[in-house]
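Here the structure is laid out as structure tokens; the discussion comes afterwards.
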2 protein chains.
Amino acid sequence: MASNEETPRRGRGRPPGNRRDEILRAALEVFAESGFNGASLATVAERVGLTQQGLLHYFPSKQQLLVAMLDKRDELDRQPQRFSPEELVNVVQRNAERPGIVQVYTVLSAESVTENHPAREHFAARFADVRQRFAAILREKYGDHLPGGVSADEGATLLVAVMDGLQLQWLHAPDEIDMPDSVAAMLRLMTGDSVLSGE
Amino acid sequence: MASNEETPRRGRGRPPGNRRDEILRAALEVFAESGFNGASLATVAERVGLTQQGLLHYFPSKQQLLVAMLDKRDELDRQPQRFSPEELVNVVQRNAERPGIVQVYTVLSAESVTENHPAREHFAARFADVRQRFAAILREKYGDHLPGGVSADEGATLLVAVMDGLQLQWLHAPDEIDMPDSVAAMLRLMTGDSVLSGE
DNA sequence: ATTTACCTACTGAGTACTCGGTAGGTATCG
DNA sequence: CGATACCTACCGAGTACTCAGTAGGTAAAT
């Protein structure tokens, strides 16, 4: 039966390991394109060369697939634990080069406010966490009262709002919105500093 | 013509007119609760006491129902053509009392960036329009260069972003986010004025 | 008589998910 | 070495359901 040596041995006897990751990558794509409700397991499965039933072998339900995908992304994104306002602009710049990831978060975070959505608590917790983290960074550098005239907490809420709102506008009109520029402008408003490209 | 005096004559011979409006109101509710993909015509129909097919008599497809709903809302919302920054805070305050409407816009505007979504162009156009309108208002009052140090165009983009981003956070945590306060703070940052409740 | 306002009945496609398998790999035991 | 046992990695076929949309009717109002 010509046991071949190079081909990664697809099908039955295939080694495990990366299979779940492949599925999670495909799931991110599909959820980005269609949201959770609009996505189908069959589409995700097809994209990794599996049947829908094969996919369910790895993730026993659509909900668990979504949660696993979100958890993995959170894990990857939590690398830069602490970053200064200047670094924030770099993060935004990187995001502008990965529209898929921006779209997944934008679509799912909004969809998750609908009834009985499986990612509801995930995003509620995420927002609270990011707000707190931003506030801590701002407070550390500028104290409780920012130069622009708002508190660190208020500033954090506004900063998170601006970033999410910009992503939404950017996804609708990529050529008209420059996310890094706008975020830099927002930081300038709040801190008074000329944070990157300040005039 | 008062053949009957009180009963609104339900069923077959029912007068038209308000029926479409009832449906559009229900559609707003259901789309807010579930998004476009998650919503079903049957749910909307049930809520106005119709069968799904009865509903399709008035709106021949789900897409057309969505578009009609969005058009009607836009019509209602375009009442205050021009408003100053101070009035903007009032608009936000009113929104905070109508979570359903906020949720419809938040969910649909994000969902509409997915593939082949029927409201895609609607929201793209809406964003561009609101940005332009805000910029004009800011420019009229403060000139091309706002006191806070950003241009009127940039300020408009940021203002829209903040409002949408705040809505998203507010829907996830209504008790932690005060939208009018935060919008007022944002306006203070941009204009320097103490626009309502400025400290 | 025609139009309006529905309803019953139906279709075909799609949904998540289950059940029962099978092909192959690996470990254990004799 | 070889047989037995068990595990992983799937797939085919089906279940039960929901979906948007169609066809054709009936009853009331004009």
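To be explicit about the labels: the chains of the structure tokens are called A, B, and onward in the order shown, and within each one the residues are counted from 1, while ligands get numbers from 1 in the order they are shown.
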
Per-residue nearest contacts of chain C to chain A (9 Å; only C-alpha atoms (C1' of nucleotides)) as JSON lines:
```
{"residue": "C:DT15", "atom": "C1'", "partner": "A:Ser40", "partner_atom": "CA", "distance": 8.0}
{"residue": "C:DA16", "atom": "C1'", "partner": "A:Lys62", "partner_atom": "CA", "distance": 7.8}
{"residue": "C:DC17", "atom": "C1'", "partner": "A:Ser61", "partner_atom": "CA", "distance": 8.0}
{"residue": "C:DA23", "atom": "C1'", "partner": "A:Arg12", "partner_atom": "CA", "distance": 6.1}
{"residue": "C:DG24", "atom": "C1'", "partner": "A:Gly13", "partner_atom": "CA", "distance": 5.1}
{"residue": "C:DG25", "atom": "C1'", "partner": "A:Gly13", "partner_atom": "CA", "distance": 6.7}
```

Hey, list the chain B side of the contact with chain A: 8 Å cut-off, only C-alpha atoms, answer as a PyMOL selection string. chain B and resi 32-35+37-38+103+106-107+109-111+113-115+120+123-124+127+148-150+154+157-158+160-166+168-169+171-173+182+185-186+188-190

When you get a sec, could you note down which chain D residues fall within 9 Å of chain A, using only C-alpha atoms (C1' of nucleotides), as a count of residues only? 4

Mobile chain B placed on reference chain A by ordered C-alpha fit, as a PDB file with C-alpha atoms, in the first residue's frame:
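File produced: out00.pdb:
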```pdb
ATOM      1  CA  MET B   1       9.109   6.940  12.764  1.00  0.00           C
ATOM      2  CA  ALA B   2       9.118   8.458   9.326  1.00  0.00           C
ATOM      3  CA  SER B   3       6.814   5.942   7.710  1.00  0.00           C
ATOM      4  CA  ASN B   4       5.875   8.589   5.188  1.00  0.00           C
ATOM      5  CA  GLU B   5       8.004  11.539   4.395  1.00  0.00           C
ATOM      6  CA  GLU B   6       5.961  14.251   2.775  1.00  0.00           C
ATOM      7  CA  THR B   7       2.237  13.718   2.696  1.00  0.00           C
ATOM      8  CA  PRO B   8       0.628  14.978   5.874  1.00  0.00           C
ATOM      9  CA  ARG B   9      -1.356  11.735   6.014  1.00  0.00           C
ATOM     10  CA  ARG B  10      -4.829  13.009   5.598  1.00  0.00           C
ATOM     11  CA  GLY B  11      -8.029  11.300   6.574  1.00  0.00           C
ATOM     12  CA  ARG B  12      -8.415   8.700   9.207  1.00  0.00           C
ATOM     13  CA  GLY B  13      -5.008   8.253  10.661  1.00  0.00           C
ATOM     14  CA  ARG B  14      -4.183  11.883  10.697  1.00  0.00           C
ATOM     15  CA  PRO B  15      -2.181  13.176  13.610  1.00  0.00           C
ATOM     16  CA  PRO B  16      -4.048  15.454  15.993  1.00  0.00           C
ATOM     17  CA  GLY B  17      -2.609  18.591  17.441  1.00  0.00           C
ATOM     18  CA  ASN B  18      -2.965  21.188  14.772  1.00  0.00           C
ATOM     19  CA  ARG B  19      -6.410  20.038  13.709  1.00  0.00           C
ATOM     20  CA  ARG B  20      -8.181  21.891  16.465  1.00  0.00           C
ATOM     21  CA  ASP B  21      -6.181  24.999  15.667  1.00  0.00           C
ATOM     22  CA  GLU B  22      -7.112  24.804  12.023  1.00  0.00           C
ATOM     23  CA  ILE B  23     -10.740  24.609  13.035  1.00  0.00           C
ATOM     24  CA  LEU B  24     -10.419  27.560  15.376  1.00  0.00           C
ATOM     25  CA  ARG B  25      -8.810  29.609  12.646  1.00  0.00           C
ATOM     26  CA  ALA B  26     -11.631  28.789  10.275  1.00  0.00           C
ATOM     27  CA  ALA B  27     -14.189  29.501  12.976  1.00  0.00           C
ATOM     28  CA  LEU B  28     -12.712  32.944  13.461  1.00  0.00           C
ATOM     29  CA  GLU B  29     -13.082  33.629   9.778  1.00  0.00           C
ATOM     30  CA  VAL B  30     -16.633  32.431   9.558  1.00  0.00           C
ATOM     31  CA  PHE B  31     -17.801  34.123  12.732  1.00  0.00           C
ATOM     32  CA  ALA B  32     -16.236  37.332  11.452  1.00  0.00           C
ATOM     33  CA  GLU B  33     -18.057  37.026   8.155  1.00  0.00           C
ATOM     34  CA  SER B  34     -21.439  36.098   9.550  1.00  0.00           C
ATOM     35  CA  GLY B  35     -21.561  36.536  13.306  1.00  0.00           C
ATOM     36  CA  PHE B  36     -22.477  33.700  15.605  1.00  0.00           C
ATOM     37  CA  ASN B  37     -26.118  33.427  14.639  1.00  0.00           C
ATOM     38  CA  GLY B  38     -25.407  33.790  10.967  1.00  0.00           C
ATOM     39  CA  ALA B  39     -22.599  31.260  10.898  1.00  0.00           C
ATOM     40  CA  SER B  40     -23.127  27.571  10.325  1.00  0.00           C
ATOM     41  CA  LEU B  41     -21.002  24.661  11.460  1.00  0.00           C
ATOM     42  CA  ALA B  42     -21.090  23.278   7.958  1.00  0.00           C
ATOM     43  CA  THR B  43     -19.361  26.365   6.610  1.00  0.00           C
ATOM     44  CA  VAL B  44     -16.616  26.139   9.206  1.00  0.00           C
ATOM     45  CA  ALA B  45     -16.174  22.421   8.595  1.00  0.00           C
ATOM     46  CA  GLU B  46     -16.030  22.824   4.855  1.00  0.00           C
ATOM     47  CA  ARG B  47     -13.256  25.355   5.204  1.00  0.00           C
ATOM     48  CA  VAL B  48     -10.952  22.869   6.901  1.00  0.00           C
ATOM     49  CA  GLY B  49     -11.980  19.985   4.673  1.00  0.00           C
ATOM     50  CA  LEU B  50     -14.229  18.235   7.132  1.00  0.00           C
ATOM     51  CA  THR B  51     -17.857  17.345   7.295  1.00  0.00           C
ATOM     52  CA  GLN B  52     -19.985  19.107   9.832  1.00  0.00           C
ATOM     53  CA  GLN B  53     -20.020  15.957  11.945  1.00  0.00           C
ATOM     54  CA  GLY B  54     -16.288  15.651  11.728  1.00  0.00           C
ATOM     55  CA  LEU B  55     -16.085  19.081  13.211  1.00  0.00           C
ATOM     56  CA  LEU B  56     -18.440  18.098  16.006  1.00  0.00           C
ATOM     57  CA  HIS B  57     -15.960  15.404  16.896  1.00  0.00           C
ATOM     58  CA  TYR B  58     -13.564  18.110  18.013  1.00  0.00           C
ATOM     59  CA  PHE B  59     -16.055  20.626  19.374  1.00  0.00           C
ATOM     60  CA  PRO B  60     -19.254  18.984  20.523  1.00  0.00           C
ATOM     61  CA  SER B  61     -21.392  22.076  20.051  1.00  0.00           C
ATOM     62  CA  LYS B  62     -21.458  25.399  18.269  1.00  0.00           C
ATOM     63  CA  GLN B  63     -21.334  27.245  21.562  1.00  0.00           C
ATOM     64  CA  GLN B  64     -18.253  25.404  22.708  1.00  0.00           C
ATOM     65  CA  LEU B  65     -16.586  26.155  19.409  1.00  0.00           C
ATOM     66  CA  LEU B  66     -17.274  29.853  19.888  1.00  0.00           C
ATOM     67  CA  VAL B  67     -16.007  29.859  23.449  1.00  0.00           C
ATOM     68  CA  ALA B  68     -12.864  27.951  22.502  1.00  0.00           C
ATOM     69  CA  MET B  69     -12.201  30.417  19.719  1.00  0.00           C
ATOM     70  CA  LEU B  70     -12.617  33.403  22.014  1.00  0.00           C
ATOM     71  CA  ASP B  71     -10.438  31.846  24.686  1.00  0.00           C
ATOM     72  CA  LYS B  72      -7.678  31.128  22.234  1.00  0.00           C
ATOM     73  CA  ARG B  73      -7.748  34.664  20.882  1.00  0.00           C
ATOM     74  CA  ASP B  74      -7.676  36.119  24.345  1.00  0.00           C
ATOM     75  CA  GLU B  75      -4.681  33.990  25.133  1.00  0.00           C
ATOM     76  CA  LEU B  76      -2.854  35.229  22.046  1.00  0.00           C
ATOM     77  CA  ASP B  77      -3.795  38.834  22.675  1.00  0.00           C
ATOM     78  CA  ARG B  78      -2.724  38.884  26.276  1.00  0.00           C
ATOM     79  CA  GLN B  79       0.940  38.788  25.320  1.00  0.00           C
ATOM     80  CA  PRO B  80       1.695  42.458  25.874  1.00  0.00           C
ATOM     81  CA  GLN B  81       0.575  42.595  29.462  1.00  0.00           C
ATOM     82  CA  ARG B  82       1.729  46.116  30.016  1.00  0.00           C
ATOM     83  CA  PHE B  83       2.141  48.739  27.403  1.00  0.00           C
ATOM     84  CA  SER B  84       2.469  52.462  27.403  1.00  0.00           C
ATOM     85  CA  PRO B  85       0.173  54.826  25.506  1.00  0.00           C
ATOM     86  CA  GLU B  86       2.729  55.024  22.720  1.00  0.00           C
ATOM     87  CA  GLU B  87       2.669  51.283  22.305  1.00  0.00           C
ATOM     88  CA  LEU B  88      -1.100  51.377  22.195  1.00  0.00           C
ATOM     89  CA  VAL B  89      -0.943  53.182  18.881  1.00  0.00           C
ATOM     90  CA  ASN B  90       1.211  50.381  17.558  1.00  0.00           C
ATOM     91  CA  VAL B  91      -1.324  47.823  18.684  1.00  0.00           C
ATOM     92  CA  VAL B  92      -4.015  49.721  16.823  1.00  0.00           C
ATOM     93  CA  GLN B  93      -1.793  49.919  13.778  1.00  0.00           C
ATOM     94  CA  ARG B  94      -1.373  46.164  13.841  1.00  0.00           C
ATOM     95  CA  ASN B  95      -5.113  45.718  14.169  1.00  0.00           C
ATOM     96  CA  ALA B  96      -5.662  47.850  11.108  1.00  0.00           C
ATOM     97  CA  GLU B  97      -3.747  45.212   9.187  1.00  0.00           C
ATOM     98  CA  ARG B  98      -5.931  42.390  10.447  1.00  0.00           C
ATOM     99  CA  PRO B  99      -9.492  43.296   9.517  1.00  0.00           C
ATOM    100  CA  GLY B 100     -10.722  39.785  10.209  1.00  0.00           C
ATOM    101  CA  ILE B 101      -9.843  39.935  13.860  1.00  0.00           C
ATOM    102  CA  VAL B 102     -11.243  43.407  14.276  1.00  0.00           C
ATOM    103  CA  GLN B 103     -14.450  42.278  12.632  1.00  0.00           C
ATOM    104  CA  VAL B 104     -14.838  39.233  14.834  1.00  0.00           C
ATOM    105  CA  TYR B 105     -14.590  41.296  17.965  1.00  0.00           C
ATOM    106  CA  THR B 106     -16.807  44.073  16.696  1.00  0.00           C
ATOM    107  CA  VAL B 107     -19.542  41.776  15.456  1.00  0.00           C
ATOM    108  CA  LEU B 108     -19.493  39.360  18.371  1.00  0.00           C
ATOM    109  CA  SER B 109     -19.167  41.948  21.132  1.00  0.00           C
ATOM    110  CA  ALA B 110     -22.289  43.669  19.845  1.00  0.00           C
ATOM    111  CA  GLU B 111     -24.195  40.501  19.034  1.00  0.00           C
ATOM    112  CA  SER B 112     -23.441  39.237  22.503  1.00  0.00           C
ATOM    113  CA  VAL B 113     -25.754  41.788  24.123  1.00  0.00           C
ATOM    114  CA  THR B 114     -28.712  39.930  22.598  1.00  0.00           C
ATOM    115  CA  GLU B 115     -30.759  37.476  24.623  1.00  0.00           C
ATOM    116  CA  ASN B 116     -29.129  34.265  25.735  1.00  0.00           C
ATOM    117  CA  HIS B 117     -25.994  34.864  23.761  1.00  0.00           C
ATOM    118  CA  PRO B 118     -23.219  32.431  24.718  1.00  0.00           C
ATOM    119  CA  ALA B 119     -20.518  35.115  24.679  1.00  0.00           C
ATOM    120  CA  ARG B 120     -22.361  37.608  26.843  1.00  0.00           C
ATOM    121  CA  GLU B 121     -20.372  37.146  30.020  1.00  0.00           C
ATOM    122  CA  HIS B 122     -17.150  36.745  28.137  1.00  0.00           C
ATOM    123  CA  PHE B 123     -17.404  40.205  26.655  1.00  0.00           C
ATOM    124  CA  ALA B 124     -18.768  41.821  29.794  1.00  0.00           C
ATOM    125  CA  ALA B 125     -15.772  40.508  31.698  1.00  0.00           C
ATOM    126  CA  ARG B 126     -13.409  41.493  28.928  1.00  0.00           C
ATOM    127  CA  PHE B 127     -14.646  45.060  28.860  1.00  0.00           C
ATOM    128  CA  ALA B 128     -14.336  45.400  32.614  1.00  0.00           C
ATOM    129  CA  ASP B 129     -10.837  43.956  32.480  1.00  0.00           C
ATOM    130  CA  VAL B 130      -9.602  46.201  29.678  1.00  0.00           C
ATOM    131  CA  ARG B 131     -11.079  49.252  31.368  1.00  0.00           C
ATOM    132  CA  GLN B 132      -9.267  48.402  34.558  1.00  0.00           C
ATOM    133  CA  ARG B 133      -6.001  47.724  32.776  1.00  0.00           C
ATOM    134  CA  PHE B 134      -6.131  50.983  30.844  1.00  0.00           C
ATOM    135  CA  ALA B 135      -6.962  52.907  33.990  1.00  0.00           C
ATOM    136  CA  ALA B 136      -3.968  51.403  35.771  1.00  0.00           C
ATOM    137  CA  ILE B 137      -1.633  52.362  32.952  1.00  0.00           C
ATOM    138  CA  LEU B 138      -2.939  55.896  32.801  1.00  0.00           C
ATOM    139  CA  ARG B 139      -2.832  56.272  36.542  1.00  0.00           C
ATOM    140  CA  GLU B 140       0.711  54.998  36.722  1.00  0.00           C
ATOM    141  CA  LYS B 141       1.928  57.552  34.247  1.00  0.00           C
ATOM    142  CA  TYR B 142      -0.227  60.578  34.976  1.00  0.00           C
ATOM    143  CA  GLY B 143      -1.746  60.056  38.370  1.00  0.00           C
ATOM    144  CA  ASP B 144      -5.447  60.011  39.127  1.00  0.00           C
ATOM    145  CA  HIS B 145      -6.114  63.218  37.280  1.00  0.00           C
ATOM    146  CA  LEU B 146      -5.070  63.289  33.642  1.00  0.00           C
ATOM    147  CA  PRO B 147      -3.607  66.454  32.108  1.00  0.00           C
ATOM    148  CA  GLY B 148      -6.644  66.769  29.832  1.00  0.00           C
ATOM    149  CA  GLY B 149      -8.895  67.122  32.842  1.00  0.00           C
ATOM    150  CA  VAL B 150     -10.581  63.773  33.359  1.00  0.00           C
ATOM    151  CA  SER B 151      -9.942  61.032  35.879  1.00  0.00           C
ATOM    152  CA  ALA B 152      -7.959  57.930  35.009  1.00  0.00           C
ATOM    153  CA  ASP B 153     -11.100  55.773  35.250  1.00  0.00           C
ATOM    154  CA  GLU B 154     -13.110  58.079  33.049  1.00  0.00           C
ATOM    155  CA  GLY B 155     -10.202  58.263  30.623  1.00  0.00           C
ATOM    156  CA  ALA B 156      -9.994  54.492  30.430  1.00  0.00           C
ATOM    157  CA  THR B 157     -13.703  54.191  29.668  1.00  0.00           C
ATOM    158  CA  LEU B 158     -13.403  56.832  26.965  1.00  0.00           C
ATOM    159  CA  LEU B 159     -10.317  55.227  25.486  1.00  0.00           C
ATOM    160  CA  VAL B 160     -11.978  51.833  25.237  1.00  0.00           C
ATOM    161  CA  ALA B 161     -15.060  53.463  23.766  1.00  0.00           C
ATOM    162  CA  VAL B 162     -13.038  55.313  21.155  1.00  0.00           C
ATOM    163  CA  MET B 163     -11.197  52.200  20.094  1.00  0.00           C
ATOM    164  CA  ASP B 164     -14.351  50.138  19.693  1.00  0.00           C
ATOM    165  CA  GLY B 165     -16.246  52.949  18.042  1.00  0.00           C
ATOM    166  CA  LEU B 166     -13.424  53.584  15.607  1.00  0.00           C
ATOM    167  CA  GLN B 167     -13.327  49.926  14.661  1.00  0.00           C
ATOM    168  CA  LEU B 168     -17.012  50.023  13.860  1.00  0.00           C
ATOM    169  CA  GLN B 169     -16.649  53.114  11.694  1.00  0.00           C
ATOM    170  CA  TRP B 170     -13.529  51.734  10.072  1.00  0.00           C
ATOM    171  CA  LEU B 171     -15.234  48.484   9.107  1.00  0.00           C
ATOM    172  CA  HIS B 172     -17.946  50.509   7.432  1.00  0.00           C
ATOM    173  CA  ALA B 173     -15.536  52.859   5.667  1.00  0.00           C
ATOM    174  CA  PRO B 174     -11.920  51.643   5.739  1.00  0.00           C
ATOM    175  CA  ASP B 175     -10.717  54.433   3.473  1.00  0.00           C
ATOM    176  CA  GLU B 176     -12.196  57.259   5.481  1.00  0.00           C
ATOM    177  CA  ILE B 177     -11.093  56.227   8.946  1.00  0.00           C
ATOM    178  CA  ASP B 178      -7.479  56.131  10.084  1.00  0.00           C
ATOM    179  CA  MET B 179      -7.593  54.272  13.366  1.00  0.00           C
ATOM    180  CA  PRO B 180      -4.004  54.856  14.518  1.00  0.00           C
ATOM    181  CA  ASP B 181      -4.234  58.561  13.770  1.00  0.00           C
ATOM    182  CA  SER B 182      -7.489  58.912  15.617  1.00  0.00           C
ATOM    183  CA  VAL B 183      -6.303  56.957  18.629  1.00  0.00           C
ATOM    184  CA  ALA B 184      -3.179  59.099  18.744  1.00  0.00           C
ATOM    185  CA  ALA B 185      -5.361  62.186  18.644  1.00  0.00           C
ATOM    186  CA  MET B 186      -7.455  60.822  21.480  1.00  0.00           C
ATOM    187  CA  LEU B 187      -4.384  60.186  23.575  1.00  0.00           C
ATOM    188  CA  ARG B 188      -3.201  63.704  22.892  1.00  0.00           C
ATOM    189  CA  LEU B 189      -6.532  65.044  24.085  1.00  0.00           C
ATOM    190  CA  MET B 190      -6.361  63.094  27.294  1.00  0.00           C
ATOM    191  CA  THR B 191      -2.706  63.381  28.173  1.00  0.00           C
ATOM    192  CA  GLY B 192      -1.638  66.592  26.553  1.00  0.00           C
ATOM    193  CA  ASP B 193       1.511  64.823  25.390  1.00  0.00           C
ATOM    194  CA  SER B 194       2.321  64.713  21.746  1.00  0.00           C
ATOM    195  CA  VAL B 195       2.144  60.963  21.577  1.00  0.00           C
ATOM    196  CA  LEU B 196       3.430  60.014  18.182  1.00  0.00           C
ATOM    197  CA  SER B 197       2.666  62.251  15.256  1.00  0.00           C
ATOM    198  CA  GLY B 198       1.503  65.019  17.535  1.00  0.00           C
ATOM    199  CA  GLU B 199       1.451  68.309  15.744  1.00  0.00           C
TER     200      GLU B 199
END
```

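Distance annotation: of D:DC6, D:DA27, D:DC19, D:DG14, the residue with the minimal separation from DG20 of chain C is D:DG14; atom set is only C-alpha atoms (C1' of nucleotides).
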
If you count only C-alpha atoms (C1' of nucleotides), which residues fall within 12 Å of DG24 of chain D, apart from same-chain ones fewer than 3 positions away, as a ChimeraX atom specification? /C:7-10

Which value, in Å to one decimal, gives the distance between atom C1' of DT18 of chain C and atom C1' of DC7 of chain D? 20.7 Å
